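Visitor: Quick one: structure below, then a few questions.
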Amino acid sequence: MIVETGHFALALALALSLIQAVMPIWAARSGDPALRQVATQSALGAFACILFAFAALTWAHVTSDFSVQNVVENSHTAKPLIYKLSGVWGNHEGSMLLWVLILTLFGACVAVARESVPPVLRANTLAVQGVITFVFVLFIITTSNPFSRVVPAPMEGNDLNPLLQDAGLAIHPPLLYLGYVGFSITFAFAIAALIDGRIDAVWARAVRPWTLTAWSFLTLGIAMGSYWAYYELGWGGWWFWDPVENASLMPWIAGTALLHSTVVMEKRDALKVWTVLLSILTFSLSLLGTFIVRSGVLTSVHSFATDPTRGVFILAILILFIGGSLTLFAWRAPLLRQGGLFAPISREGALVLNNLFLVAACATVLVGTLYPLLLEMLTAEKITVGPPFFNATFVPLAVPLLLIVPFGQSLAWKRGDVLAASQRLFAALAVALTAGLAAMALTWGGPVLAPVGIGLGVYLIVGSALEIIGRARGYGSGRTRSAGEVWRRAIGLPRSAWGTALAHAGVGVVVLGIAAQGWATEGLATLKPGESLATGPYVATLDRVAPRTGPNYEEAAAFLTIRTRAGDEVGHVDTGKRFYPSRKMTVTESGLLTNGASQVYASLGEIGQDGSIGLRLYYKPLVLLIWLGAVVMAIGGGLSLTDRRMRVGAPARARTKPLPPNAVPAE
């Protein structure tokens, strides 16, 4: 009964989303503001219905209700509870329901944000969000129904893909979708503003918190997915430029540009066209990612759907939203009023240059991702565009972009001084050069570009710190302040200033982790118990190979002792091959030993009849900085969200006290 009720709630959400889409348009034509409130209530009702439907599907998975097709294909009675829960979105139908749940969650948040969004803008935004919700709920009901029944019901399920039975995959999709789908709100704000014909600083102030929220979650989602692929797939890499990885990276890059554009628009009422266009493109890239993952155009561990009907439906969604929004933009953009002017050498100018590099970098990823798919579709010829292409096109754009970041922070708004900005960054440049030269001296004969990356990462971190110090001392004030006064002023700076500095410093931490992989080492050997394999500063000795059993798998595990080359014991690692009988599938479980920010990574190969094993051993110096830096970036975004100015939205009329009888109004 719960399953049928969940299905009914999904159908009810379809009707409510249609009402949510129509009522603001009717209100605008009839002039009746009361109709706008219907959209607000419909948005809340649609969220409640989708939440109930999602809870019903979750209940079916937790209770192993094998009369539901989705549960049969993705669950098993012996599966641990956490994977029964993650199995809800570890498939196409369930993940699309999660997608729509987050979509309606953001719509409900806008509906209750009465103080931060002007009423007309809120109603129009909810109308656009209603259209998006209607289309995707229709897609689920017609092509991806998660509540389909099986008659007769089997006694046991097929289990979840073993690669997805991991704690990281219980966290990664919700975080990623909160970012992916969160950009639908910025898209809805942009379309609503184009319809209304009013785009100003109030609009930018209303949009910026939602953009920052989506960007922060997407940052965490990408980082979590990268770390999962690193330790779960057994290949020891943190990024492969897989098309599905790129599908999440592209909206993140565009969202980063959008975030910077909203800052300029809020401060200077400039870059209106840029900001609206980036709002459209960011969500469009999210939709493109949805198409890549769910249309069946490629085969990947990340992808779910192979039904061409679904692919055609999603392609129609792409044409509707991307084509329709760009057409509306082309029609209304020329009518946008020119905003504030600024000199090319200014903080605004640096942000424009920053966005140009970001958009160009995004374009290279887009071309490298779509070109093989289009070529195969047109000519049936299969080619692979891998790391060499992206390293040759993306990295040359990323390096100057990162060099601009601290420099742009040091420039004044409206008109900047290059010499003054250079003087402020002299300490950062000096420390970065010292760090790069020290890294080169300590690793003489190693990779040449790795020390450059170390210097660049240090430059970003120190430059972010100098921005806070400079603001606390007072740029251009000419006053000499004591250390205590500088500290007090730094503490009193807006949280958005600290958040920006943290986010930029987090980028520097990521760069340090990436650069350090230039010194990563790898060893490969066939070992018998008692034999050893060395890589980097460590030696791994095979102690034994033994079987062990999990709740729904059987495993052959190799137990290793890790020592330094001097013979000092560091710790123990086990790596294994797990066989899942229900899926008849074997996966490799890597072993990790963490020492500070570095890791020793062991991956088991084939197991011989004589008890020997194939072992691949990696040394990954400072590799954890890659994901730690992403967390710092997201924390910076979250800290900015707590700034008081982020909570101040639509201006309200001030309440004035009545004048005394004999008072004379001021001239």
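Please note that chains go A, B, ... in the order of the structure tokens, that every chain numbers its residues from 1, and that ligands are numbered from 1 in the order shown.
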Using DSSP secondary structure from the backbone, list all alpha helix (DSSP H) positions within region 142-270 of chain A, as number ranges by chain.
Guide: A: 142-143, 167-180, 183-196, 201-232, 243-268
Visitor: Mind checking which residues fall within 12 Å of Leu18 (chain A), counting only C-alpha atoms, ignoring those fewer than 6 positions away in the same chain, and posting them as a PDB file with N, CA and C atoms, in the first residue's frame?
Guide:
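And here's result33.pdb as it stands now:
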ATOM      1  N   ALA A  11       2.273  11.362  -8.859  1.00  0.00           N
ATOM      2  CA  ALA A  11       1.293  11.917  -9.803  1.00  0.00           C
ATOM      3  C   ALA A  11       0.718  13.234  -9.294  1.00  0.00           C
ATOM      4  N   LEU A  12       0.490  13.326  -7.982  1.00  0.00           N
ATOM      5  CA  LEU A  12      -0.020  14.561  -7.401  1.00  0.00           C
ATOM      6  C   LEU A  12       1.010  15.690  -7.528  1.00  0.00           C
ATOM      7  N   PRO A  24       1.534  32.059 -11.475  1.00  0.00           N
ATOM      8  CA  PRO A  24       2.173  33.382 -11.581  1.00  0.00           C
ATOM      9  C   PRO A  24       1.916  34.070 -12.916  1.00  0.00           C
ATOM     10  N   ILE A  25       1.828  33.285 -13.994  1.00  0.00           N
ATOM     11  CA  ILE A  25       1.524  33.865 -15.308  1.00  0.00           C
ATOM     12  C   ILE A  25       0.104  34.423 -15.311  1.00  0.00           C
ATOM     13  N   VAL A  38      -0.648  31.141  -4.622  1.00  0.00           N
ATOM     14  CA  VAL A  38      -0.959  29.757  -4.990  1.00  0.00           C
ATOM     15  C   VAL A  38       0.310  29.045  -5.447  1.00  0.00           C
ATOM     16  N   ALA A  39       1.189  29.763  -6.168  1.00  0.00           N
ATOM     17  CA  ALA A  39       2.458  29.173  -6.613  1.00  0.00           C
ATOM     18  C   ALA A  39       3.317  28.793  -5.422  1.00  0.00           C
ATOM     19  N   SER A  42       1.838  25.721  -3.883  1.00  0.00           N
ATOM     20  CA  SER A  42       2.034  24.577  -4.791  1.00  0.00           C
ATOM     21  C   SER A  42       3.462  24.060  -4.713  1.00  0.00           C
ATOM     22  N   ALA A  43       4.430  24.982  -4.608  1.00  0.00           N
ATOM     23  CA  ALA A  43       5.832  24.573  -4.494  1.00  0.00           C
ATOM     24  C   ALA A  43       6.059  23.762  -3.228  1.00  0.00           C
ATOM     25  N   GLY A  45       3.713  22.097  -1.599  1.00  0.00           N
ATOM     26  CA  GLY A  45       2.980  20.845  -1.757  1.00  0.00           C
ATOM     27  C   GLY A  45       3.709  19.846  -2.638  1.00  0.00           C
ATOM     28  N   ALA A  46       4.315  20.342  -3.732  1.00  0.00           N
ATOM     29  CA  ALA A  46       5.064  19.449  -4.626  1.00  0.00           C
ATOM     30  C   ALA A  46       6.256  18.831  -3.903  1.00  0.00           C
ATOM     31  N   LEU A 126       9.453  30.772  -9.159  1.00  0.00           N
ATOM     32  CA  LEU A 126       8.730  29.537  -8.845  1.00  0.00           C
ATOM     33  C   LEU A 126       8.002  28.988 -10.067  1.00  0.00           C
ATOM     34  N   ALA A 127       7.520  29.889 -10.935  1.00  0.00           N
ATOM     35  CA  ALA A 127       6.858  29.442 -12.160  1.00  0.00           C
ATOM     36  C   ALA A 127       7.836  28.672 -13.054  1.00  0.00           C
ATOM     37  N   VAL A 128       9.039  29.225 -13.231  1.00  0.00           N
ATOM     38  CA  VAL A 128      10.059  28.547 -14.045  1.00  0.00           C
ATOM     39  C   VAL A 128      10.447  27.224 -13.392  1.00  0.00           C
ATOM     40  N   GLN A 129      10.635  27.253 -12.064  1.00  0.00           N
ATOM     41  CA  GLN A 129      10.974  26.033 -11.343  1.00  0.00           C
ATOM     42  C   GLN A 129       9.853  25.009 -11.470  1.00  0.00           C
ATOM     43  N   GLY A 130       8.606  25.476 -11.509  1.00  0.00           N
ATOM     44  CA  GLY A 130       7.470  24.578 -11.695  1.00  0.00           C
ATOM     45  C   GLY A 130       7.498  23.881 -13.035  1.00  0.00           C
ATOM     46  N   VAL A 131       7.882  24.615 -14.086  1.00  0.00           N
ATOM     47  CA  VAL A 131       7.990  24.013 -15.420  1.00  0.00           C
ATOM     48  C   VAL A 131       9.052  22.917 -15.421  1.00  0.00           C
ATOM     49  N   ILE A 132      10.205  23.209 -14.802  1.00  0.00           N
ATOM     50  CA  ILE A 132      11.284  22.211 -14.739  1.00  0.00           C
ATOM     51  C   ILE A 132      10.805  20.973 -13.982  1.00  0.00           C
ATOM     52  N   THR A 133      10.152  21.202 -12.844  1.00  0.00           N
ATOM     53  CA  THR A 133       9.663  20.080 -12.043  1.00  0.00           C
ATOM     54  C   THR A 133       8.637  19.255 -12.821  1.00  0.00           C
ATOM     55  N   PHE A 134       7.706  19.923 -13.493  1.00  0.00           N
ATOM     56  CA  PHE A 134       6.669  19.222 -14.260  1.00  0.00           C
ATOM     57  C   PHE A 134       7.298  18.316 -15.308  1.00  0.00           C
ATOM     58  N   VAL A 135       8.267  18.839 -16.041  1.00  0.00           N
ATOM     59  CA  VAL A 135       8.873  18.061 -17.121  1.00  0.00           C
ATOM     60  C   VAL A 135       9.613  16.841 -16.575  1.00  0.00           C
ATOM     61  N   PHE A 136      10.349  17.012 -15.484  1.00  0.00           N
ATOM     62  CA  PHE A 136      11.127  15.879 -14.961  1.00  0.00           C
ATOM     63  C   PHE A 136      10.244  14.863 -14.243  1.00  0.00           C
ATOM     64  N   VAL A 137       9.199  15.313 -13.574  1.00  0.00           N
ATOM     65  CA  VAL A 137       8.279  14.343 -12.975  1.00  0.00           C
ATOM     66  C   VAL A 137       7.554  13.568 -14.079  1.00  0.00           C
ATOM     67  N   LEU A 138       7.194  14.246 -15.166  1.00  0.00           N
ATOM     68  CA  LEU A 138       6.587  13.560 -16.310  1.00  0.00           C
ATOM     69  C   LEU A 138       7.553  12.532 -16.895  1.00  0.00           C
TER      70      LEU A 138
END
Visitor: Using only C-alpha atoms, what table do you get, as a tab-separated table, when you list each residue of region 200-317 of chain A with an atom no more than 10 Å from region 510-534 of chain A, its nearest pair of atoms, and their distance in Å rounded to one decimal, rows by chain then rising number?
Guide:
residue	atom	partner	partner_atom	distance
A:Gly236	CA	A:Glu522	CA	9.4
A:Gly237	CA	A:Gln517	CA	9.7
A:Trp238	CA	A:Ile514	CA	9.2
Visitor: Write out, as a short mmCIF file (atom, residue, chain, number, x, y, z; two decimals), in the first residue's frame, the residues just selected, with N, CA and C atoms.
Guide:
data_model
loop_
_atom_site.label_atom_id
_atom_site.label_comp_id
_atom_site.auth_asym_id
_atom_site.auth_seq_id
_atom_site.Cartn_x
_atom_site.Cartn_y
_atom_site.Cartn_z
N GLY A 236 44.51 3.92 -8.67
CA GLY A 236 45.43 4.84 -7.99
C GLY A 236 45.41 6.26 -8.48
N GLY A 237 44.51 6.61 -9.41
CA GLY A 237 44.45 7.98 -9.91
C GLY A 237 43.32 8.75 -9.26
N TRP A 238 43.42 10.08 -9.27
CA TRP A 238 42.38 10.89 -8.64
C TRP A 238 41.48 11.59 -9.67
#
Visitor: Could you give me, as number ranges by chain, the residues within 10 Å of Asn161 (chain A), counting only C-alpha atoms and dropping anything in the same chain fewer than 5 positions from it?
Guide: A: 73-75, 87, 90-91, 301, 580, 582-583, 585
Visitor: State, in Å with one decimal place, the distance from CA of Lys620 (chain A) to CA of Gln599 (chain A).
Guide: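 We find that CA of Lys620 (chain A) and CA of Gln599 (chain A) lie 5.2 Å from each other.
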Visitor: For the atom pair CA of Val181 (chain A) and CA of Thr282 (chain A), what is the interatomic distance in Å to one decimal place?
Guide: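 Computed distance, CA of Val181 (chain A) to CA of Thr282 (chain A), equals 10.3 Å.
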Visitor: Could you check the closest approach to Leu593 (chain A) for each of A:Gly611, A:Pro451, A:Phe389, A:Pro621 and tell me which residue wins, using only C-alpha atoms?
Guide: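 Closest to Leu593 (chain A) of all the choices is A:Pro621.
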Visitor: Could you give me the residues within region 531-593 of chain A that DSSP places in strand (DSSP E or B), as a ChimeraX atom specification?
Guide: /A:532-535,538-549,554-564,569-580,585-589,591-593
Visitor: Store the residues picked out above, limited to C-alpha atoms, as a short mmCIF file (atom, residue, chain, number, x, y, z; two decimals), in the first residue's frame.
Guide:
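Just written: part-v3.cif:
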data_model
loop_
_atom_site.label_atom_id
_atom_site.label_comp_id
_atom_site.auth_asym_id
_atom_site.auth_seq_id
_atom_site.Cartn_x
_atom_site.Cartn_y
_atom_site.Cartn_z
CA SER A 532 58.72 -7.55 -0.41
CA LEU A 533 58.07 -4.76 -2.89
CA ALA A 534 59.51 -1.25 -2.52
CA THR A 535 58.26 2.05 -3.87
CA TYR A 538 58.41 2.48 1.75
CA VAL A 539 58.70 -1.32 1.52
CA ALA A 540 55.65 -3.62 1.64
CA THR A 541 56.11 -7.23 2.82
CA LEU A 542 53.44 -9.85 2.10
CA ASP A 543 52.60 -11.58 5.40
CA ARG A 544 49.85 -13.93 4.23
CA VAL A 545 46.87 -14.43 1.92
CA ALA A 546 43.68 -15.54 3.67
CA PRO A 547 39.96 -15.79 2.88
CA ARG A 548 37.31 -13.80 4.73
CA THR A 549 33.56 -13.47 4.39
CA GLU A 554 33.49 -13.67 -0.25
CA GLU A 555 36.98 -12.20 -0.27
CA ALA A 556 40.57 -13.31 -0.73
CA ALA A 557 42.68 -10.77 1.19
CA ALA A 558 46.41 -10.08 1.16
CA PHE A 559 47.87 -8.75 4.41
CA LEU A 560 50.91 -6.49 4.14
CA THR A 561 53.32 -4.88 6.57
CA ILE A 562 54.64 -1.47 5.54
CA ARG A 563 58.12 -0.40 6.63
CA THR A 564 60.48 2.42 5.78
CA GLU A 569 57.56 -0.53 10.83
CA VAL A 570 54.94 2.06 9.80
CA GLY A 571 51.72 0.06 9.78
CA HIS A 572 49.65 -2.67 8.16
CA VAL A 573 47.51 -2.72 5.02
CA ASP A 574 45.16 -5.31 3.57
CA THR A 575 43.88 -5.43 0.01
CA GLY A 576 41.59 -7.99 -1.51
CA LYS A 577 39.43 -9.39 -4.27
CA ARG A 578 35.74 -9.56 -3.37
CA PHE A 579 33.34 -11.90 -5.14
CA TYR A 580 29.60 -11.10 -4.96
CA MET A 585 31.05 -10.07 -10.07
CA THR A 586 34.56 -9.61 -8.63
CA VAL A 587 35.92 -6.24 -7.56
CA THR A 588 39.25 -5.12 -6.12
CA GLU A 589 39.38 -3.51 -2.69
CA GLY A 591 44.37 -0.86 0.86
CA LEU A 592 45.42 2.57 2.11
CA LEU A 593 47.94 3.57 4.76
#
Visitor: Using only C-alpha atoms, which residue out of A:Trp498, A:Phe217, A:Trp89, A:Phe329 lies closest to Leu57 (chain A)?
Guide: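 Ranking A:Trp498, A:Phe217, A:Trp89, A:Phe329 by distance to Leu57 (chain A), first place goes to A:Trp89.
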Visitor: Env of region 383-388 of chain A: 12 Å cut, atoms = only C-alpha atoms, seq-sep filter 5 positions within chain, self excluded. Answer as number ranges by chain.
Guide: A: 237, 239-243, 245-246, 298, 364-377, 393-395
